[in-house]
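Engineer: The following block contains the structure, expressed as C-alpha cells.
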Amino acid sequence: MLLFSGTSNQPLAEKIAEELKISLASSEIVRFADGEVRVRLLDDVKDEHMVVVQSLSQPGDSNLMELCQFAEIGKRKKAKKITAVIPYLAYARQHRAHREGETIAVKLVANFLKTAGFNEVMLLDLHEEEALNYFKIPTLHLSAVETFSKYIDEHRDDFGGDDLIIVAPDRGRQKAAENLASALEVNSATVEKTRPLDQTDTVKECQLIGDVKNKEVIIYDDMISTGSTMLMAASCCLSQGAFRANLMATHGVFSHLEKNFWQNSAVEKIFVTDSVLVAENKRFEKLEIISIAPLIARNLLNFV
Ligand code: R5P
C-alpha cells in the first residue's frame, strides 16, 4: 500500500501511517499565485494500491480538486486500486433539496471522485447516510462512536460516573446519540431545534425531550460548524438543571472559531476528533482532540 497525504490534514495522515507502521509516500503539491493546485507523485504507483488521505475541510472546493488530481495521475500511471480516505466530507449536509430549486451538492462531489478515478471511498460520520446513495463506487462509512465510547469509558469519573447522559442536539442525531448511550449503558435525551431554512447559522429555539436534571451531559453531534446548534443545546440542558454540559462532535469545523468565545462559553469541555485539522494557534484549553487514526488504519487493512 502506498499512503499519500493531501495538504488539508497531514498530521492525521502521518498518524495513520504510524498505526500501519509504514512511511507516507512522496508527492509534491504546489499552489500557483492564482490559487490553482498542482499535484505530482514522486513514487511509482504502477500496480500498487494507492490510498490518499484528504479531509475536505476549508477550503473544501480546493481540497477536493487536490484530492481528485491524485486519482487522475494514479489512474494514468496504472495504480492497481485507488482509495480515497475522506475523514471529513464537504457538502455532506447538502444531501437533499430541502426547498424547490436547491442543489444536491454531495451528489456532485460523489461524481467528481468517481470521474477522477477513485475505486473506493472511506468516509466518517456523514451528516446523513442518505448521501451514500450518490456514490457509484464502493464506500465504507465509519462511525466515531467506538472511539468516543472508549475515551469516555477510560475517563468515566471525569464524566460524572453513573450520572452521565448523552444528548442529541436535534432529532436528526437521535439515533447516533442512542448508539453512543447504549455503548456506554447510559440514558439519552434529545433537544428539538428549529433553524429557519433560509438561514445557515442561526438556531432559533429548542425544547428538551428527556430528563437531564443533576446529570453530567455530553451533547453528541456529527459536527461543530458555527457552534450555534451545540451552544443552544447546552444552554437548553443547563436551563433544565443539568450539572455540567460537554460537547462531543466528530468534526471540529469551527467555522467562526474564536478561541476566547469557546473558552469563555458555558460548556465544560469540547471534544472532537482529528478528522479536521485545528491549527495549533487556534486551539483552546477546553478543547480536547481524540485521534481517529487507529479506527481508519484498522479499517484500511480490511477495506477491499
Ligand atoms: C445539522 O443538523 C448538523 O447535525 C449539525 O448540528 C450542524 O450542522 C452544526 O452546525 P452549527 O455548528 O453551525 O450549528
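Identifiers in the C-alpha cells: chain A, B, ... in order shown; residue index from 1 per chain; ligand index from 1 in order shown.
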For Val37 in chain A, work out the shell of residues within 8 Å, counting only C-alpha atoms and skipping chain neighbours fewer than 3 positions away, then give it as a ChimeraX atom specification.

Structural biologist: /A:29-32,62,65-66

Engineer: Residues contacting ligand 1 - anything with an atom at most 9 Å away, using only C-alpha atoms and all ligand atoms - can you give me those as JSON, numbers by chain?

Structural biologist: {"A": [93, 127, 128, 169, 170, 171, 172, 173, 193, 195, 200, 201, 202, 203, 221, 222, 223, 224, 225, 226, 227, 228, 229, 230, 231, 232, 253, 254, 255, 256]}

Engineer: Print the selection's residues with N, CA and C atoms to a file, as a CSV table (one decimal), in the first residue's frame.

Structural biologist:
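Just written: result15.csv:
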chain,number,residue,atom,x,y,z
A,93,ARG,N,-23.9,18.0,4.1
A,93,ARG,CA,-25.2,18.5,4.6
A,93,ARG,C,-26.1,18.8,3.4
A,127,HIS,N,-23.3,13.5,7.7
A,127,HIS,CA,-24.5,14.1,8.3
A,127,HIS,C,-25.7,13.2,8.2
A,128,GLU,N,-25.9,12.6,7.0
A,128,GLU,CA,-27.0,11.6,6.8
A,128,GLU,C,-26.5,10.5,5.9
A,169,PRO,N,-28.4,16.9,19.9
A,169,PRO,CA,-28.8,18.3,19.8
A,169,PRO,C,-29.9,18.6,18.8
A,170,ASP,N,-30.4,17.5,18.1
A,170,ASP,CA,-31.6,17.7,17.2
A,170,ASP,C,-32.1,16.3,16.9
A,171,ARG,N,-33.3,16.2,16.3
A,171,ARG,CA,-33.9,14.9,16.0
A,171,ARG,C,-33.0,14.1,15.1
A,172,GLY,N,-32.3,14.7,14.1
A,172,GLY,CA,-31.5,14.0,13.1
A,172,GLY,C,-30.4,13.2,13.8
A,173,ARG,N,-30.0,13.6,15.0
A,173,ARG,CA,-28.8,13.0,15.6
A,173,ARG,C,-29.3,12.0,16.7
A,193,LYS,N,-34.5,21.3,17.8
A,193,LYS,CA,-34.1,22.6,17.4
A,193,LYS,C,-34.9,23.1,16.2
A,195,ARG,N,-34.3,25.7,13.0
A,195,ARG,CA,-33.4,26.6,12.3
A,195,ARG,C,-34.2,27.0,11.0
A,200,THR,N,-28.3,29.8,7.5
A,200,THR,CA,-27.4,28.7,7.6
A,200,THR,C,-26.7,28.7,9.0
A,201,ASP,N,-26.8,29.7,9.8
A,201,ASP,CA,-26.1,29.7,11.0
A,201,ASP,C,-26.8,30.1,12.3
A,202,THR,N,-28.1,30.2,12.2
A,202,THR,CA,-28.8,30.7,13.4
A,202,THR,C,-29.8,29.6,13.9
A,203,VAL,N,-29.6,29.1,15.0
A,203,VAL,CA,-30.6,28.2,15.6
A,203,VAL,C,-31.6,29.0,16.4
A,221,ASP,N,-22.8,15.3,18.5
A,221,ASP,CA,-23.3,15.7,17.1
A,221,ASP,C,-22.2,15.3,16.1
A,222,ASP,N,-22.6,15.3,14.8
A,222,ASP,CA,-21.6,15.0,13.8
A,222,ASP,C,-20.6,16.1,13.6
A,223,MET,N,-21.0,17.4,13.8
A,223,MET,CA,-20.0,18.4,13.6
A,223,MET,C,-20.4,19.7,14.4
A,224,ILE,N,-19.3,20.5,14.6
A,224,ILE,CA,-19.5,21.8,15.2
A,224,ILE,C,-19.0,22.7,14.1
A,225,SER,N,-19.9,23.5,13.5
A,225,SER,CA,-19.5,24.5,12.5
A,225,SER,C,-19.5,25.9,13.1
A,226,THR,N,-20.7,26.5,13.1
A,226,THR,CA,-20.7,27.8,13.8
A,226,THR,C,-20.8,27.6,15.3
A,227,GLY,N,-21.3,26.5,15.7
A,227,GLY,CA,-21.5,26.2,17.2
A,227,GLY,C,-22.9,26.5,17.6
A,228,SER,N,-23.6,27.1,16.8
A,228,SER,CA,-25.0,27.5,17.1
A,228,SER,C,-25.8,26.4,17.7
A,229,THR,N,-25.8,25.2,17.0
A,229,THR,CA,-26.6,24.1,17.4
A,229,THR,C,-26.2,23.6,18.8
A,230,MET,N,-24.9,23.4,19.0
A,230,MET,CA,-24.4,22.8,20.2
A,230,MET,C,-24.6,23.8,21.4
A,231,LEU,N,-24.4,25.1,21.1
A,231,LEU,CA,-24.5,26.0,22.3
A,231,LEU,C,-25.9,26.2,22.7
A,232,MET,N,-26.8,26.1,21.7
A,232,MET,CA,-28.3,26.2,22.0
A,232,MET,C,-28.7,25.0,22.8
A,253,VAL,N,-15.2,21.6,12.9
A,253,VAL,CA,-15.0,22.5,11.7
A,253,VAL,C,-14.7,23.9,12.2
A,254,PHE,N,-15.4,24.3,13.3
A,254,PHE,CA,-15.2,25.6,13.9
A,254,PHE,C,-15.1,26.8,12.9
A,255,SER,N,-16.2,26.9,12.1
A,255,SER,CA,-16.2,28.0,11.1
A,255,SER,C,-16.0,29.4,11.6
A,256,HIS,N,-16.5,29.7,12.8
A,256,HIS,CA,-16.4,31.0,13.3
A,256,HIS,C,-15.4,30.9,14.5

Engineer: Can you pull out the residues contacting range 177-179 of chain A? Cut-off 12 Å, using only C-alpha atoms, and skip same-chain residues under 6 positions away; I want them as a PDB file with C-alpha atoms, in the first residue's frame.

Structural biologist:
ATOM      1  CA  SER A 143     -18.544   5.853  12.912  1.00  0.00           C
ATOM      2  CA  ALA A 144     -16.639   7.560  15.722  1.00  0.00           C
ATOM      3  CA  VAL A 145     -18.947   6.018  18.347  1.00  0.00           C
ATOM      4  CA  GLU A 146     -16.422   3.316  19.230  1.00  0.00           C
ATOM      5  CA  PHE A 148     -15.605   8.207  21.712  1.00  0.00           C
ATOM      6  CA  SER A 149     -17.121   5.495  23.903  1.00  0.00           C
ATOM      7  CA  ILE A 165     -26.459  11.220  29.949  1.00  0.00           C
ATOM      8  CA  ILE A 166     -25.938  11.554  26.185  1.00  0.00           C
ATOM      9  CA  VAL A 167     -27.980  14.233  24.453  1.00  0.00           C
ATOM     10  CA  ALA A 168     -28.721  14.608  20.745  1.00  0.00           C
ATOM     11  CA  PRO A 169     -28.793  18.292  19.770  1.00  0.00           C
ATOM     12  CA  ASP A 170     -31.559  17.664  17.228  1.00  0.00           C
ATOM     13  CA  ARG A 171     -33.886  14.914  16.003  1.00  0.00           C
ATOM     14  CA  GLU A 185     -25.001   1.798  29.024  1.00  0.00           C
ATOM     15  CA  VAL A 186     -26.450   5.202  29.971  1.00  0.00           C
ATOM     16  CA  ASN A 187     -29.634   7.062  29.042  1.00  0.00           C
ATOM     17  CA  SER A 188     -30.106   9.530  26.218  1.00  0.00           C
ATOM     18  CA  ALA A 189     -32.249  12.599  25.622  1.00  0.00           C
ATOM     19  CA  THR A 190     -32.981  14.803  22.615  1.00  0.00           C
ATOM     20  CA  VAL A 191     -33.159  18.516  22.014  1.00  0.00           C
ATOM     21  CA  VAL A 217     -24.386  15.893  29.937  1.00  0.00           C
ATOM     22  CA  ILE A 218     -22.491  15.058  26.747  1.00  0.00           C
ATOM     23  CA  ILE A 219     -24.147  16.600  23.720  1.00  0.00           C
ATOM     24  CA  TYR A 220     -23.188  14.492  20.724  1.00  0.00           C
ATOM     25  CA  ASP A 221     -23.282  15.710  17.114  1.00  0.00           C
ATOM     26  CA  ASP A 222     -21.621  14.993  13.790  1.00  0.00           C
ATOM     27  CA  MET A 248     -18.640  15.979  21.628  1.00  0.00           C
ATOM     28  CA  ALA A 249     -18.574  16.016  17.827  1.00  0.00           C
TER      29      ALA A 249
END

Engineer: Taking only residues of range 32-122 of chain A that have an atom at most 6 Å from an atom of range 3-8 of chain A, what is each one's shortest atom pair and its distance in Å to one decimal, using only C-alpha atoms, in chain and number order, as a tab-separated table?

Structural biologist:
residue	atom	partner	partner_atom	distance
A:Val51	CA	A:Leu3	CA	4.8
A:Val52	CA	A:Phe4	CA	4.7
A:Val53	CA	A:Ser5	CA	5.0
A:Gln54	CA	A:Gly6	CA	5.0
A:Ser55	CA	A:Ser8	CA	5.8

Engineer: Name all residues at most 6 Å from range 288-298 of chain A (count only C-alpha atoms; drop same-chain ones fewer than 3 positions away) and give them as a PyMOL selection string.

Structural biologist: chain A and resi 15-16+271-274+301

Engineer: Skip Tyr91 in chain A itself and residues of its chain fewer than 3 positions away, then list as a list in words all residues within 6 Å of it, counting only C-alpha atoms.

Structural biologist: Gln94, Ala105 and Val106 of chain A

Engineer: Please produce an output containing all heavy atoms for each residue in the selection, written as a PDB file, in the first residue's frame.

Structural biologist:
ATOM      1  N   GLN A  94     -25.580  18.900   2.224  1.00  0.00           N
ATOM      2  CA  GLN A  94     -26.448  19.167   1.069  1.00  0.00           C
ATOM      3  C   GLN A  94     -26.743  17.854   0.348  1.00  0.00           C
ATOM      4  O   GLN A  94     -26.329  17.643  -0.784  1.00  0.00           O
ATOM      5  CB  GLN A  94     -25.779  20.178   0.143  1.00  0.00           C
ATOM      6  CG  GLN A  94     -25.639  21.548   0.788  1.00  0.00           C
ATOM      7  CD  GLN A  94     -25.055  22.566  -0.174  1.00  0.00           C
ATOM      8  OE1 GLN A  94     -25.501  22.686  -1.307  1.00  0.00           O
ATOM      9  NE2 GLN A  94     -24.058  23.300   0.268  1.00  0.00           N
ATOM     10  N   ALA A 105     -25.654  19.019  -3.635  1.00  0.00           N
ATOM     11  CA  ALA A 105     -24.229  19.213  -3.908  1.00  0.00           C
ATOM     12  C   ALA A 105     -23.386  17.972  -3.625  1.00  0.00           C
ATOM     13  O   ALA A 105     -22.375  17.735  -4.303  1.00  0.00           O
ATOM     14  CB  ALA A 105     -23.710  20.402  -3.106  1.00  0.00           C
ATOM     15  N   VAL A 106     -23.782  17.156  -2.642  1.00  0.00           N
ATOM     16  CA  VAL A 106     -22.958  15.992  -2.305  1.00  0.00           C
ATOM     17  C   VAL A 106     -22.944  14.977  -3.457  1.00  0.00           C
ATOM     18  O   VAL A 106     -21.981  14.223  -3.622  1.00  0.00           O
ATOM     19  CB  VAL A 106     -23.425  15.354  -0.966  1.00  0.00           C
ATOM     20  CG1 VAL A 106     -24.695  14.541  -1.137  1.00  0.00           C
ATOM     21  CG2 VAL A 106     -22.315  14.502  -0.375  1.00  0.00           C
TER      22      VAL A 106
END

Engineer: Could you find all residues in range 126-247 of chain A that DSSP calls helix (DSSP H, G or I) from the backbone, and write them as a count of residues only?

Structural biologist: 49

Engineer: Suppose you want the space between CA of Leu42 in chain A and CA of Glu28 in chain A; what is it in Å?

Structural biologist: 7.0 Å

Engineer: May I ask for the distance between CA of Arg244 in chain A and CA of Lys282 in chain A, given in Å to one decimal place?

Structural biologist: 24.1 Å

Engineer: Select, from A:Gln174, A:Gln10, A:Ser23, A:Asn63, the residue with the minimum atom-to-atom distance to Ile209 in chain A, counting only C-alpha atoms.

Structural biologist: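 Of all the options, A:Gln174 lies closest to Ile209 in chain A.
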
Engineer: Pick from A:Asn111, A:Asn302, A:Ser265, A:Thr250: nearest to Pro87 in chain A, with only C-alpha atoms counted?

Structural biologist: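 Of the candidates, the smallest distance to Pro87 in chain A is held by A:Thr250.
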
Engineer: Need the shell around Gly161 in chain A: protein/DNA/RNA residues with any atom at most 10 Å away, counting only C-alpha atoms. Skip same-chain ones fewer than 6 positions apart. Format as JSON, numbers by chain?

Structural biologist: {"A": [152, 153, 155, 186, 215, 216]}

Engineer: DSSP on the backbone, then: every residue of range 53-287 of chain A marked strand (DSSP E or B), written as a ChimeraX atom specification.

Structural biologist: /A:53,79,81-86,120-124,139-142,164-168,187-194,205-209,216-224,244-252,270-273,287

Engineer: For Glu130 in chain A, list every protein, DNA or RNA residue within 9 Å, evaluated using only C-alpha atoms, and leave out those in the same chain fewer than 3 positions away; present the list as a list in words.

Structural biologist: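 Non-adjacent residues within range: His95, Arg96, Leu126, His127, Asn133 and Tyr134 of chain A.
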